[in-house]
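Engineer: Structure below; questions to follow.
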Amino acid sequence: MTLSSPGELRSIFVAPKRGAPILSMESVEAHEGRGLEGDRYTRVANKWSDHHQVTLIESEHIEAFARATKLAHGLGDSRRNLVTRGVRLNDLVGKRFRIGGVEMEGMELCEPCKLWAKRTHPEILPFFKGKGGLRARILNSGTLRVGDEVAVSTP
C-alpha cells in the first residue's frame, strides 16, 4: 500500500549530546539499527530502547500550535530528528515506511514531555498530546535528504 500522495521530509535535526543545541542538516546518514550520524542516540549508552533510533514529527502540528497559541515554535524546537509534511505519523505505528531510500518501521508514538515544555512553552503538553510524533527504527542504512519523499512501504 502506498500513500495517495506521498509526504515530504522538511527538516533534519541531530543533537550530539544531551542538552546540546540541535544542528539542522540538509542530509544525514541513517545507520541500520542505530540512528542518525551525529545524534546522541546513535550511541547505545544513550538509548532508552531499541525503538529510540529516530524520532519524527509533523510540521502541520507545529504550525497549528503556533497559530492556536500565538507562541513562536520553530520546526526544531521539539528536538525531534525528522520533520515531515503531508503524512499522518500516528498511522505509521506498526508499519514500514520509507524516506528516500531508507526504510523504517514506526514503533510507538512519541508523546510530548515535560522537558520539551520546560524548554519552550507549558502549553506544549496539552496541545501535543497524541500529536507529539513517532519513534521509529531504521531498517536499512542510507542517506536522508531534506525534500525526500515519505511513503508507506509496499508489503
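Here, A, B, ... name the chains of the C-alpha cells in the order displayed, residue numbers run from 1 inside each chain, and ligands are numbered from 1 in the same displayed order.
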DSSP on the backbone: which residues in region 34-99 of chain A end up as strand (DSSP E or B)? Give the answer as a ChimeraX atom specification.

Structural biologist: /A:35-36,54-58,82-85,93,96-99

Engineer: Can you pull out the residues contacting Arg135 (chain A)? Cut-off 9 Å, using only C-alpha atoms, and skip same-chain residues under 6 positions away; I want them as a list in words.

Structural biologist: His51, His52, Gln53, Val54, Thr55, Leu56, Val93, Glu105, Gly106, Met107, Glu108, Leu109 and Cys110 of chain A

Engineer: If we count only C-alpha atoms, what is near Phe65 (chain A) at a cut-off of 8 Å, once residues fewer than 6 positions away on the same chain are taken out, given as a VMD selection string?

Structural biologist: chain A and resid 71 73 127

Engineer: Could you save the residues just selected, with C-alpha atoms, as an mmCIF file, in the first residue's frame?

Structural biologist:
```cif
data_model
loop_
_atom_site.group_PDB
_atom_site.id
_atom_site.type_symbol
_atom_site.label_atom_id
_atom_site.label_comp_id
_atom_site.auth_asym_id
_atom_site.auth_seq_id
_atom_site.Cartn_x
_atom_site.Cartn_y
_atom_site.Cartn_z
ATOM 1 C CA LEU A 71 3.600 31.459 20.561
ATOM 2 C CA HIS A 73 7.780 27.497 17.924
ATOM 3 C CA PHE A 127 -1.616 20.699 22.693
#
```

Engineer: Taking 2 positions as the minimum chain separation for residues in the same chain, which residues sit within 8 Å of Leu89 (chain A) when counting only C-alpha atoms? Answer as a VMD selection string.

Structural biologist: chain A and resid 56 to 58 87 91 to 93 133 to 134

Engineer: Given the selection you just returned, output its residues as a file containing N, CA and C atoms, formatted as a compact mmCIF listing (two decimals), in the first residue's frame.

Structural biologist:
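Okay, this is what ended up in part-v2.txt:
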```txt
# COMPACT_ATOMS: atom_id res chain seq x y z
N LEU A 56 10.26 11.42 14.77
CA LEU A 56 9.67 12.22 13.71
C LEU A 56 8.51 13.03 14.27
N ILE A 57 8.20 14.14 13.63
CA ILE A 57 7.04 14.96 13.99
C ILE A 57 6.50 15.63 12.73
N GLU A 58 5.21 15.90 12.72
CA GLU A 58 4.57 16.55 11.57
C GLU A 58 4.69 18.07 11.67
N VAL A 87 2.07 13.67 5.79
CA VAL A 87 1.89 12.27 6.18
C VAL A 87 1.46 12.21 7.65
N ASP A 91 -0.52 7.12 11.99
CA ASP A 91 -0.96 5.97 11.19
C ASP A 91 0.18 5.02 10.87
N LEU A 92 1.42 5.39 11.17
CA LEU A 92 2.58 4.57 10.82
C LEU A 92 3.05 3.67 11.96
N VAL A 93 2.40 3.71 13.11
CA VAL A 93 2.77 2.80 14.21
C VAL A 93 2.51 1.37 13.72
N GLY A 133 4.49 13.05 17.77
CA GLY A 133 5.39 12.42 16.82
C GLY A 133 5.45 10.91 16.95
N LEU A 134 6.50 10.35 16.38
CA LEU A 134 6.66 8.91 16.23
C LEU A 134 8.09 8.52 16.51
```

Engineer: Can you work out which one of A:Thr42, A:Ser27, A:Thr69, A:Ser59 has the shortest atom-to-atom distance to Gly100 (chain A), counting only C-alpha atoms?

Structural biologist: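 Checking each of A:Thr42, A:Ser27, A:Thr69, A:Ser59 against Gly100 (chain A), counting only C-alpha atoms, the winner is A:Ser27.
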
Engineer: Excluding region 10-22 of chain A and residues on its chain fewer than 6 positions from it, collect all residues at most 9 Å away from it, counting only C-alpha atoms, and give them as a ChimeraX atom specification.

Structural biologist: /A:28,36-41,46,59,75-77,79-85,144-148

Engineer: My list of candidates is A:Glu60, A:Glu32, A:Glu111, A:Glu26. Which is closest to Gly7 (chain A) when distances are computed with only C-alpha atoms?

Structural biologist: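 Counting only C-alpha atoms, the residue closest to Gly7 (chain A) is A:Glu60.
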
Engineer: Name the closest residue to Pro6 (chain A) among the candidates A:Arg98, A:Arg137, A:Arg67, A:Lys114; distances are taken between atoms, counting only C-alpha atoms.

Structural biologist: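 Going through A:Arg98, A:Arg137, A:Arg67, A:Lys114 one by one, the smallest distance to Pro6 (chain A) is for A:Arg98.
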
Engineer: Please compute the CA of Thr120 (chain A)-CA of Arg88 (chain A) distance, one decimal, in Å.

Structural biologist: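 Taking CA of Thr120 (chain A) and CA of Arg88 (chain A), their separation equals 23.7 Å.
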
Engineer: Please identify which residues in region 5-150 of chain A DSSP calls alpha helix (DSSP H) from the backbone, and express them as number ranges by chain.

Structural biologist: A: 59-69, 114-119, 124-127

Engineer: Rounded to one decimal, what separation in Å do you get between CA of Glu103 (chain A) and CA of Gly86 (chain A)?

Structural biologist: 17.6 Å
